[in-house]
file structure35.tsv (TSV, N, CA and C atoms)
chain	number	residue	atom	x	y	z
A	1	MET	N	0.84	-1.18	0.00
A	1	MET	CA	0.00	0.00	0.00
A	1	MET	C	0.88	1.24	0.00
A	2	ASN	N	0.41	2.26	-0.68
A	2	ASN	CA	1.17	3.51	-0.70
A	2	ASN	C	0.64	4.46	0.38
A	3	VAL	N	1.23	5.64	0.48
A	3	VAL	CA	0.87	6.59	1.53
A	3	VAL	C	-0.60	6.99	1.42
A	4	LYS	N	-1.09	7.19	0.21
A	4	LYS	CA	-2.50	7.55	0.01
A	4	LYS	C	-3.42	6.44	0.53
A	5	ASP	N	-3.09	5.18	0.24
A	5	ASP	CA	-3.88	4.05	0.73
A	5	ASP	C	-3.87	3.99	2.26
A	6	TRP	N	-2.70	4.19	2.85
A	6	TRP	CA	-2.60	4.16	4.32
A	6	TRP	C	-3.41	5.29	4.93
A	7	SER	N	-3.34	6.48	4.34
A	7	SER	CA	-4.13	7.61	4.84
A	7	SER	C	-5.61	7.28	4.85
A	8	ALA	N	-6.09	6.69	3.76
A	8	ALA	CA	-7.50	6.33	3.65
A	8	ALA	C	-7.86	5.25	4.68
A	9	PHE	N	-6.99	4.26	4.85
A	9	PHE	CA	-7.25	3.20	5.82
A	9	PHE	C	-7.33	3.77	7.24
A	10	ILE	N	-6.42	4.66	7.57
A	10	ILE	CA	-6.40	5.25	8.91
A	10	ILE	C	-7.66	6.09	9.14
A	11	ARG	N	-8.07	6.85	8.13
A	11	ARG	CA	-9.25	7.72	8.27
A	11	ARG	C	-10.57	6.97	8.22
A	12	LYS	N	-10.67	5.96	7.32
A	12	LYS	CA	-11.99	5.38	7.03
A	12	LYS	C	-12.09	3.87	7.25
A	13	GLY	N	-11.08	3.25	7.80
A	13	GLY	CA	-11.07	1.79	7.86
A	13	GLY	C	-11.66	1.20	9.11
A	14	LYS	N	-12.45	1.95	9.83
A	14	LYS	CA	-12.97	1.50	11.13
A	14	LYS	C	-13.55	0.09	11.06
A	15	GLY	N	-13.07	-0.75	11.98
A	15	GLY	CA	-13.56	-2.12	12.07
A	15	GLY	C	-12.92	-3.09	11.09
A	16	ARG	N	-12.06	-2.60	10.23
A	16	ARG	CA	-11.43	-3.47	9.22
A	16	ARG	C	-10.08	-4.00	9.69
A	17	THR	N	-9.75	-5.14	9.16
A	17	THR	CA	-8.42	-5.74	9.31
A	17	THR	C	-7.93	-6.04	7.91
A	18	ILE	N	-6.69	-5.65	7.61
A	18	ILE	CA	-6.16	-5.90	6.27
A	18	ILE	C	-4.96	-6.83	6.34
A	19	ARG	N	-4.72	-7.48	5.21
A	19	ARG	CA	-3.54	-8.33	5.06
A	19	ARG	C	-2.38	-7.41	4.73
A	20	LEU	N	-1.30	-7.57	5.45
A	20	LEU	CA	-0.17	-6.67	5.31
A	20	LEU	C	1.01	-7.31	4.59
A	21	ALA	N	1.37	-8.51	4.99
A	21	ALA	CA	2.58	-9.14	4.47
A	21	ALA	C	2.48	-10.65	4.64
A	22	GLN	N	3.44	-11.34	4.04
A	22	GLN	CA	3.56	-12.78	4.23
A	22	GLN	C	4.97	-13.08	4.75
A	23	LEU	N	5.02	-13.94	5.75
A	23	LEU	CA	6.30	-14.34	6.30
A	23	LEU	C	6.81	-15.59	5.60
A	24	ALA	N	8.10	-15.75	5.61
A	24	ALA	CA	8.71	-16.98	5.11
A	24	ALA	C	8.26	-18.14	6.00
A	25	ALA	N	8.20	-19.32	5.44
A	25	ALA	CA	7.72	-20.51	6.16
A	25	ALA	C	8.53	-20.77	7.42
A	26	ASP	N	9.85	-20.55	7.37
A	26	ASP	CA	10.67	-20.82	8.56
A	26	ASP	C	10.33	-19.87	9.70
A	27	LEU	N	9.99	-18.62	9.39
A	27	LEU	CA	9.61	-17.68	10.44
A	27	LEU	C	8.23	-18.02	11.00
A	28	THR	N	7.32	-18.39	10.12
A	28	THR	CA	5.97	-18.77	10.56
A	28	THR	C	6.03	-19.97	11.49
A	29	SER	N	6.89	-20.93	11.19
A	29	SER	CA	6.96	-22.14	12.00
A	29	SER	C	7.44	-21.85	13.42
A	30	HIS	N	8.24	-20.81	13.61
A	30	HIS	CA	8.69	-20.45	14.96
A	30	HIS	C	7.54	-20.03	15.85
A	31	LEU	N	6.46	-19.56	15.24
A	31	LEU	CA	5.31	-19.09	16.02
A	31	LEU	C	4.16	-20.10	16.06
A	32	ASP	N	4.31	-21.20	15.35
A	32	ASP	CA	3.25	-22.20	15.29
A	32	ASP	C	1.92	-21.58	14.85
A	33	ALA	N	2.00	-20.74	13.82
A	33	ALA	CA	0.81	-20.07	13.29
A	33	ALA	C	0.16	-20.94	12.20
A	34	VAL	N	-1.14	-20.74	11.98
A	34	VAL	CA	-1.85	-21.52	10.97
A	34	VAL	C	-1.66	-20.94	9.57
A	35	SER	N	-1.17	-19.72	9.47
A	35	SER	CA	-0.98	-19.05	8.18
A	35	SER	C	0.25	-18.15	8.27
A	36	ASN	N	0.83	-17.85	7.12
A	36	ASN	CA	1.99	-16.96	7.09
A	36	ASN	C	1.60	-15.50	6.83
A	37	VAL	N	0.32	-15.21	6.76
A	37	VAL	CA	-0.17	-13.87	6.46
A	37	VAL	C	-0.22	-13.03	7.74
A	38	VAL	N	0.38	-11.84	7.67
A	38	VAL	CA	0.37	-10.90	8.78
A	38	VAL	C	-0.74	-9.88	8.52
A	39	HIS	N	-1.56	-9.64	9.55
A	39	HIS	CA	-2.68	-8.70	9.46
A	39	HIS	C	-2.41	-7.48	10.33
A	40	ILE	N	-3.10	-6.39	10.00
A	40	ILE	CA	-3.10	-5.21	10.87
A	40	ILE	C	-4.53	-4.72	11.01
A	41	GLU	N	-4.91	-4.47	12.24
A	41	GLU	CA	-6.26	-3.98	12.52
A	41	GLU	C	-6.28	-2.46	12.44
A	42	HIS	N	-7.40	-1.93	11.97
A	42	HIS	CA	-7.56	-0.48	11.87
A	42	HIS	C	-7.30	0.20	13.21
A	43	SER	N	-7.82	-0.35	14.27
A	43	SER	CA	-7.66	0.27	15.60
A	43	SER	C	-6.19	0.40	15.97
A	44	TYR	N	-5.36	-0.57	15.58
A	44	TYR	CA	-3.94	-0.46	15.89
A	44	TYR	C	-3.27	0.60	15.02
A	45	ALA	N	-3.66	0.70	13.76
A	45	ALA	CA	-3.10	1.73	12.88
A	45	ALA	C	-3.39	3.12	13.45
A	46	VAL	N	-4.61	3.32	13.93
A	46	VAL	CA	-4.99	4.60	14.54
A	46	VAL	C	-4.15	4.84	15.81
A	47	LYS	N	-3.96	3.80	16.60
A	47	LYS	CA	-3.14	3.93	17.81
A	47	LYS	C	-1.71	4.35	17.46
A	48	CYS	N	-1.17	3.80	16.39
A	48	CYS	CA	0.19	4.16	15.95
A	48	CYS	C	0.28	5.66	15.69
A	49	VAL	N	-0.75	6.19	15.07
A	49	VAL	CA	-0.77	7.62	14.75
A	49	VAL	C	-0.96	8.45	16.02
A	50	GLU	N	-1.96	8.10	16.79
A	50	GLU	CA	-2.34	8.92	17.95
A	50	GLU	C	-1.37	8.82	19.12
A	51	GLU	N	-0.85	7.63	19.38
A	51	GLU	CA	-0.03	7.44	20.57
A	51	GLU	C	1.47	7.29	20.29
A	52	HIS	N	1.82	6.87	19.08
A	52	HIS	CA	3.24	6.63	18.78
A	52	HIS	C	3.83	7.64	17.81
A	53	GLY	N	3.01	8.60	17.37
A	53	GLY	CA	3.53	9.66	16.49
A	53	GLY	C	3.87	9.21	15.09
A	54	MET	N	3.31	8.11	14.66
A	54	MET	CA	3.57	7.65	13.30
A	54	MET	C	2.68	8.43	12.33
A	55	LEU	N	3.19	8.67	11.14
A	55	LEU	CA	2.45	9.37	10.09
A	55	LEU	C	2.11	8.37	8.98
A	56	PRO	N	1.10	8.67	8.18
A	56	PRO	CA	0.82	7.77	7.05
A	56	PRO	C	2.06	7.50	6.20
A	57	GLU	N	2.96	8.47	6.13
A	57	GLU	CA	4.21	8.31	5.36
A	57	GLU	C	5.11	7.21	5.93
A	58	HIS	N	4.95	6.91	7.22
A	58	HIS	CA	5.76	5.87	7.85
A	58	HIS	C	5.23	4.46	7.57
A	59	PHE	N	3.95	4.32	7.30
A	59	PHE	CA	3.34	3.00	7.22
A	59	PHE	C	3.90	2.10	6.10
A	60	PRO	N	4.36	2.62	4.96
A	60	PRO	CA	5.01	1.71	4.01
A	60	PRO	C	6.25	1.02	4.59
A	61	MET	N	6.79	1.57	5.68
A	61	MET	CA	7.95	0.94	6.32
A	61	MET	C	7.57	-0.36	7.02
A	62	LEU	N	6.29	-0.60	7.25
A	62	LEU	CA	5.87	-1.90	7.80
A	62	LEU	C	6.34	-3.02	6.88
A	63	ASP	N	6.00	-2.91	5.60
A	63	ASP	CA	6.42	-3.92	4.62
A	63	ASP	C	7.93	-4.04	4.53
A	64	GLU	N	8.59	-2.89	4.41
A	64	GLU	CA	10.05	-2.89	4.29
A	64	GLU	C	10.71	-3.56	5.49
A	65	THR	N	10.23	-3.24	6.66
A	65	THR	CA	10.82	-3.78	7.88
A	65	THR	C	10.60	-5.28	7.97
A	66	ILE	N	9.40	-5.74	7.65
A	66	ILE	CA	9.12	-7.18	7.68
A	66	ILE	C	9.89	-7.91	6.59
A	67	ASP	N	9.98	-7.33	5.41
A	67	ASP	CA	10.65	-8.00	4.29
A	67	ASP	C	12.17	-8.00	4.41
A	68	HIS	N	12.75	-6.93	4.92
A	68	HIS	CA	14.20	-6.77	4.84
A	68	HIS	C	14.92	-6.67	6.17
A	69	GLY	N	14.17	-6.57	7.26
A	69	GLY	CA	14.81	-6.36	8.55
A	69	GLY	C	15.37	-7.63	9.18
A	70	ALA	N	16.18	-7.40	10.20
A	70	ALA	CA	16.62	-8.51	11.04
A	70	ALA	C	15.41	-9.02	11.81
A	71	VAL	N	15.46	-10.28	12.23
A	71	VAL	CA	14.35	-10.87	12.97
A	71	VAL	C	14.89	-11.54	14.22
A	72	VAL	N	14.27	-11.20	15.36
A	72	VAL	CA	14.59	-11.87	16.62
A	72	VAL	C	13.30	-12.46	17.17
A	73	ARG	N	13.47	-13.53	17.90
A	73	ARG	CA	12.30	-14.20	18.52
A	73	ARG	C	12.19	-13.71	19.96
A	74	ASP	N	11.00	-13.27	20.31
A	74	ASP	CA	10.75	-12.78	21.66
A	74	ASP	C	9.65	-13.64	22.29
A	75	GLY	N	10.05	-14.73	22.91
A	75	GLY	CA	9.10	-15.67	23.50
A	75	GLY	C	8.46	-16.56	22.44
A	76	ASP	N	7.37	-17.20	22.82
A	76	ASP	CA	6.70	-18.14	21.92
A	76	ASP	C	5.76	-17.48	20.93
A	77	GLN	N	5.35	-16.24	21.21
A	77	GLN	CA	4.31	-15.61	20.41
A	77	GLN	C	4.77	-14.45	19.54
A	78	TYR	N	5.99	-13.96	19.72
A	78	TYR	CA	6.40	-12.73	19.03
A	78	TYR	C	7.65	-12.92	18.18
A	79	LEU	N	7.63	-12.28	17.02
A	79	LEU	CA	8.82	-12.04	16.23
A	79	LEU	C	8.99	-10.53	16.14
A	80	VAL	N	10.22	-10.06	16.31
A	80	VAL	CA	10.51	-8.64	16.25
A	80	VAL	C	11.40	-8.39	15.04
A	81	PHE	N	10.96	-7.48	14.17
A	81	PHE	CA	11.66	-7.12	12.95
A	81	PHE	C	12.30	-5.75	13.15
A	82	LEU	N	13.57	-5.62	12.79
A	82	LEU	CA	14.33	-4.39	13.00
A	82	LEU	C	14.97	-3.98	11.69
A	83	TYR	N	14.73	-2.73	11.29
A	83	TYR	CA	15.21	-2.31	9.96
A	83	TYR	C	15.63	-0.84	9.99
A	84	PHE	N	16.76	-0.56	9.35
A	84	PHE	CA	17.25	0.82	9.21
A	84	PHE	C	16.95	1.29	7.80
A	85	ASP	N	16.15	2.35	7.70
A	85	ASP	CA	15.87	2.96	6.39
A	85	ASP	C	16.85	4.11	6.17
A	86	GLN	N	17.76	3.90	5.26
A	86	GLN	CA	18.80	4.91	5.00
A	86	GLN	C	18.42	5.88	3.90
A	87	TYR	N	17.34	5.63	3.19
A	87	TYR	CA	17.02	6.43	2.01
A	87	TYR	C	15.99	7.53	2.25
A	88	VAL	N	14.98	7.28	3.04
A	88	VAL	CA	13.91	8.26	3.23
A	88	VAL	C	13.96	8.87	4.63
A	89	PHE	N	13.94	8.04	5.67
A	89	PHE	CA	13.82	8.54	7.04
A	89	PHE	C	15.14	8.57	7.81
A	90	ASN	N	16.12	7.82	7.34
A	90	ASN	CA	17.43	7.75	8.00
A	90	ASN	C	17.28	7.39	9.48
A	91	ARG	N	16.49	6.33	9.74
A	91	ARG	CA	16.25	5.89	11.12
A	91	ARG	C	15.82	4.43	11.16
A	92	TRP	N	15.83	3.89	12.38
A	92	TRP	CA	15.43	2.51	12.63
A	92	TRP	C	13.93	2.42	12.86
A	93	PHE	N	13.37	1.28	12.42
A	93	PHE	CA	11.97	0.95	12.67
A	93	PHE	C	11.91	-0.44	13.30
A	94	ARG	N	10.89	-0.62	14.14
A	94	ARG	CA	10.67	-1.92	14.79
A	94	ARG	C	9.21	-2.32	14.60
A	95	VAL	N	9.03	-3.56	14.15
A	95	VAL	CA	7.69	-4.14	14.01
A	95	VAL	C	7.68	-5.45	14.76
A	96	SER	N	6.72	-5.60	15.67
A	96	SER	CA	6.52	-6.88	16.34
A	96	SER	C	5.29	-7.55	15.76
A	97	VAL	N	5.44	-8.82	15.44
A	97	VAL	CA	4.32	-9.62	14.93
A	97	VAL	C	3.99	-10.64	16.00
A	98	LYS	N	2.71	-10.73	16.32
A	98	LYS	CA	2.25	-11.63	17.38
A	98	LYS	C	1.32	-12.69	16.82
A	99	ARG	N	1.48	-13.90	17.35
A	99	ARG	CA	0.52	-14.96	17.04
A	99	ARG	C	-0.60	-14.86	18.07
A	100	CYS	N	-1.80	-14.70	17.58
A	100	CYS	CA	-2.98	-14.66	18.45
A	100	CYS	C	-3.23	-16.09	18.95
A	101	ASN	N	-3.33	-16.26	20.25
A	101	ASN	CA	-3.53	-17.61	20.82
A	101	ASN	C	-4.81	-18.27	20.36
A	102	GLU	N	-5.88	-17.52	20.32
A	102	GLU	CA	-7.19	-18.08	20.03
A	102	GLU	C	-7.28	-18.67	18.62
A	103	ARG	N	-6.88	-17.87	17.62
A	103	ARG	CA	-7.02	-18.34	16.23
A	103	ARG	C	-5.69	-18.69	15.57
A	104	ARG	N	-4.59	-18.45	16.28
A	104	ARG	CA	-3.24	-18.72	15.79
A	104	ARG	C	-2.93	-17.98	14.49
A	105	LYS	N	-3.54	-16.80	14.31
A	105	LYS	CA	-3.23	-15.93	13.18
A	105	LYS	C	-2.18	-14.92	13.60
A	106	LEU	N	-1.56	-14.26	12.62
A	106	LEU	CA	-0.49	-13.30	12.88
A	106	LEU	C	-1.00	-11.87	12.72
A	107	TYR	N	-0.65	-11.03	13.70
A	107	TYR	CA	-1.06	-9.63	13.71
A	107	TYR	C	0.12	-8.73	14.06
A	108	VAL	N	0.12	-7.51	13.53
A	108	VAL	CA	1.08	-6.51	13.96
A	108	VAL	C	0.73	-6.13	15.39
A	109	ALA	N	1.69	-6.28	16.29
A	109	ALA	CA	1.47	-5.95	17.70
A	109	ALA	C	2.08	-4.60	18.05
A	110	THR	N	3.22	-4.26	17.42
A	110	THR	CA	3.83	-2.96	17.64
A	110	THR	C	4.47	-2.47	16.35
A	111	PHE	N	4.48	-1.17	16.19
A	111	PHE	CA	5.17	-0.51	15.08
A	111	PHE	C	5.67	0.82	15.61
A	112	HIS	N	6.99	0.93	15.69
A	112	HIS	CA	7.61	2.12	16.30
A	112	HIS	C	8.85	2.53	15.52
A	113	LYS	N	9.20	3.79	15.71
A	113	LYS	CA	10.55	4.24	15.37
A	113	LYS	C	11.39	3.81	16.57
A	114	THR	N	12.65	3.49	16.33
A	114	THR	CA	13.50	3.05	17.43
A	114	THR	C	14.91	3.57	17.23
A	115	ARG	N	15.79	3.27	18.17
A	115	ARG	CA	17.17	3.74	18.11
A	115	ARG	C	18.13	2.54	18.06
A	116	TRP	N	19.34	2.80	17.59
A	116	TRP	CA	20.35	1.76	17.46
A	116	TRP	C	20.62	1.06	18.79
A	117	GLU	N	20.61	1.80	19.88
A	117	GLU	CA	20.87	1.20	21.20
A	117	GLU	C	19.83	0.12	21.52
A	118	GLN	N	18.57	0.40	21.19
A	118	GLN	CA	17.50	-0.57	21.42
A	118	GLN	C	17.64	-1.79	20.51
A	119	VAL	N	18.03	-1.54	19.26
A	119	VAL	CA	18.25	-2.63	18.31
A	119	VAL	C	19.37	-3.53	18.82
A	120	LYS	N	20.49	-2.94	19.21
A	120	LYS	CA	21.62	-3.72	19.73
A	120	LYS	C	21.21	-4.56	20.92
A	121	GLY	N	20.44	-3.98	21.82
A	121	GLY	CA	20.00	-4.70	23.01
A	121	GLY	C	19.15	-5.91	22.66
A	122	LYS	N	18.21	-5.74	21.74
A	122	LYS	CA	17.37	-6.87	21.33
A	122	LYS	C	18.20	-7.93	20.62
A	123	MET	N	19.11	-7.51	19.75
A	123	MET	CA	19.94	-8.46	19.00
A	123	MET	C	20.88	-9.22	19.93
A	124	ARG	N	21.28	-8.61	21.02
A	124	ARG	CA	22.19	-9.25	21.96
A	124	ARG	C	21.46	-10.23	22.87
A	125	ARG	N	20.24	-9.89	23.31
A	125	ARG	CA	19.60	-10.72	24.33
A	125	ARG	C	18.57	-11.71	23.80
A	126	LEU	N	18.11	-11.55	22.55
A	126	LEU	CA	17.10	-12.45	22.00
A	126	LEU	C	17.68	-13.30	20.87
A	127	PRO	N	17.15	-14.50	20.65
A	127	PRO	CA	17.65	-15.35	19.57
A	127	PRO	C	17.42	-14.70	18.20
A	128	VAL	N	18.49	-14.59	17.42
A	128	VAL	CA	18.42	-13.98	16.09
A	128	VAL	C	18.03	-15.06	15.08
A	129	LEU	N	16.91	-14.85	14.38
A	129	LEU	CA	16.46	-15.79	13.37
A	129	LEU	C	16.90	-15.37	11.97
A	130	ARG	N	17.09	-14.08	11.79
A	130	ARG	CA	17.58	-13.55	10.51
A	130	ARG	C	18.42	-12.33	10.84
A	131	PRO	N	19.68	-12.31	10.42
A	131	PRO	CA	20.56	-11.19	10.76
A	131	PRO	C	20.19	-9.93	9.98
A	132	LEU	N	20.78	-8.82	10.40
A	132	LEU	CA	20.64	-7.59	9.65
A	132	LEU	C	21.21	-7.78	8.26
A	133	LYS	N	20.53	-7.26	7.28
A	133	LYS	CA	21.01	-7.36	5.90
A	133	LYS	C	21.79	-6.10	5.55
A	134	ASP	N	22.77	-6.27	4.68
A	134	ASP	CA	23.57	-5.10	4.23
A	134	ASP	C	22.81	-4.32	3.19
call {"tool": "encode", "arguments": {"input": "structure35.tsv", "output": "structure tokens"}}
result
Amino acid sequence: MNVKDWSAFIRKGKGRTIRLAQLAADLTSHLDAVSNVVHIEHSYAVKCVEEHGMLPEHFPMLDETIDHGAVVRDGDQYLVFLYFDQYVFNRWFRVSVKRCNERRKLYVATFHKTRWEQVKGKMRRLPVLRPLKD
């Protein structure tokens, strides 16, 4: 989705859940999920804007971070994706994907801007499933 699509979803998507990305089979298996499709709920997208200071311009970084970022496992239910965007924002992004216990589907649990110190800490203390890419 582009910035215009994200803006429309944030403004008018009340009650909707959209498909965001697909994880590789090896990452999906770490979470024991029934599908490799990652979803995002409208209410969480609004929360990102209202409470985390994210702009519609940041939302395309969800895909980039999931597709190209490092991945660490945080317990049985979470994968954390960490990605540095050097071209547009010149900053780190973090996306956590959670397996919902009830239906075993995958959802975006967190989407934040982050700092290198936080990335280093997660990479040091959590099992790395996919390293940072050059």
call {"tool": "closest_atom_pairs", "arguments": {"input": "structure35.tsv", "of": "range 5-93 of chain A", "to": "range 98-108 of chain A", "cutoff": "5 Å", "atoms": "only N, CA and C atoms", "output": "JSON lines"}}
result
{"residue": "A:Ala33", "atom": "CA", "partner": "A:Arg104", "partner_atom": "C", "distance": 4.4}
{"residue": "A:Val34", "atom": "N", "partner": "A:Arg104", "partner_atom": "C", "distance": 4.1}
{"residue": "A:Val38", "atom": "CA", "partner": "A:Leu106", "partner_atom": "C", "distance": 4.3}
{"residue": "A:His39", "atom": "N", "partner": "A:Leu106", "partner_atom": "C", "distance": 3.9}
{"residue": "A:Ile40", "atom": "CA", "partner": "A:Val108", "partner_atom": "N", "distance": 4.8}
{"residue": "A:Gln77", "atom": "C", "partner": "A:Arg99", "partner_atom": "N", "distance": 4.0}
{"residue": "A:Tyr78", "atom": "CA", "partner": "A:Lys98", "partner_atom": "CA", "distance": 4.6}
call {"tool": "residues_near_point", "arguments": {"input": "structure35.tsv", "point": "(-1.3, -10.0, 5.9)", "cutoff": "7 Å", "atoms": "all atoms listed in the file", "output": "PyMOL selection string"}}
result
chain A and resi 18-22+36-40
call {"tool": "atom_distance", "arguments": {"input": "structure35.tsv", "atom1": "atom C of Phe9 in chain A", "atom2": "CA of Leu23 in chain A"}}
result
22.7 Å
call {"tool": "atom_distance", "arguments": {"input": "structure35.tsv", "atom1": "CA of Trp6 in chain A", "atom2": "CA of His30 in chain A"}}
result
29.1 Å
call {"tool": "atom_distance", "arguments": {"input": "structure35.tsv", "atom1": "CA of Val97 in chain A", "atom2": "atom N of Ala24 in chain A"}}
result
11.8 Å
call {"tool": "residues_near_point", "arguments": {"input": "structure35.tsv", "point": "(17.4, -8.7, 13.2)", "cutoff": "8 Å", "atoms": "all atoms listed in the file", "output": "PyMOL selection string"}}
result
chain A and resi 68-73+80-83+119+122-123+127-133
call {"tool": "closest_residue", "arguments": {"input": "structure35.tsv", "among": "A:Val88, A:Val95, A:Ala109, A:Leu55", "to": "Val3 in chain A", "atoms": "only N, CA and C atoms"}}
result
A:Leu55
call {"tool": "axis_aligned_box", "arguments": {"input": "structure35.tsv", "around": "range 116-120 of chain A", "padding_each_side": "3 Å", "output": "JSON"}}
result
{"center_x": 19.6, "center_y": -0.9, "center_z": 19.5, "size_x": 10.1, "size_y": 13.4, "size_z": 10.1}
call {"tool": "select_by_dssp", "arguments": {"input": "structure35.tsv", "residues": "chain A", "states": "strand (DSSP E)", "output": "ChimeraX atom specification"}}
result
/A:17-22,37-41,70-74,78-85,91-99,106-114,128-130
call {"tool": "select_by_dssp", "arguments": {"input": "structure35.tsv", "residues": "chain A", "states": "helix (DSSP H, G or I)", "output": "PyMOL selection string"}}
result
chain A and resi 3-12+25-31+42-52+56-58+60-68+116-125
call {"tool": "closest_residue", "arguments": {"input": "structure35.tsv", "among": "A:Val46, A:Ile66, A:Met54, A:Leu27", "to": "Ile10 in chain A", "atoms": "all atoms listed in the file"}}
result
A:Val46
call {"tool": "closest_residue", "arguments": {"input": "structure35.tsv", "among": "A:Met61, A:Thr28, A:Glu117, A:Lys4", "to": "Gln86 in chain A", "atoms": "only C-alpha atoms"}}
result
A:Met61
